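K.L.:
Take a look at the following structure, please.
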Amino acid sequence: MGTMDRRTPPAGPAARRLTARQLAVRRSLMDTMEEPSRRLTAQLQQVGLCAGDCLVMLALSEAAGHR
């Protein structure tokens, strides 16, 4: 991990501010993903899992030899 404080803005091209259109697209994406994410979290909790568990199992299922 780097030593840069997380509150320090990135340098270079990434430091440019987003346009109003880009912000609107990001907001739309976040709004679109909110309900499916909430449902998935609820389903995982019903079987005693969390999102991290799901990500690990997904990575293992995609790995060569499923390990």
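As shown in the structure tokens, the chain order sets the letters A, B, ...; within each chain, residues go from 1, and ligands are also counted from 1 in the order they appear.
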Please identify all polymer residues within 12 Å of region 32-37 of chain A, counting only C-alpha atoms, omitting same-chain residues fewer than 6 positions from it, and present them as a list in words.
P.N.:
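That gives Val25, Arg26, Gln43, Leu44, Cys50 and Ala51 of chain A.
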K.L.:
So that I have them on file, write out the residues from the current selection with C-alpha atoms, as a compact mmCIF listing (two decimals), in the first residue's frame.
P.N.:
```txt
# COMPACT_ATOMS: atom_id res chain seq x y z
CA VAL A 25 -24.20 8.82 -15.28
CA ARG A 26 -22.47 7.77 -12.06
CA GLN A 43 -30.12 -13.55 0.18
CA LEU A 44 -26.54 -14.10 1.29
CA CYS A 50 -21.58 -11.91 3.28
CA ALA A 51 -20.50 -10.24 0.05
```
K.L.:
Which of these residues is nearest to Thr41 (chain A), using only C-alpha atoms: A:Leu23, A:Cys54, A:Ala64, A:Leu29?
P.N.:
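The answer is A:Cys54, which sits nearest to Thr41 (chain A).
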K.L.:
How many Å lie between CA of Ala24 (chain A) and CA of Arg38 (chain A), rounded to one decimal?
P.N.:
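Distance between the two atoms: 21.5 Å.
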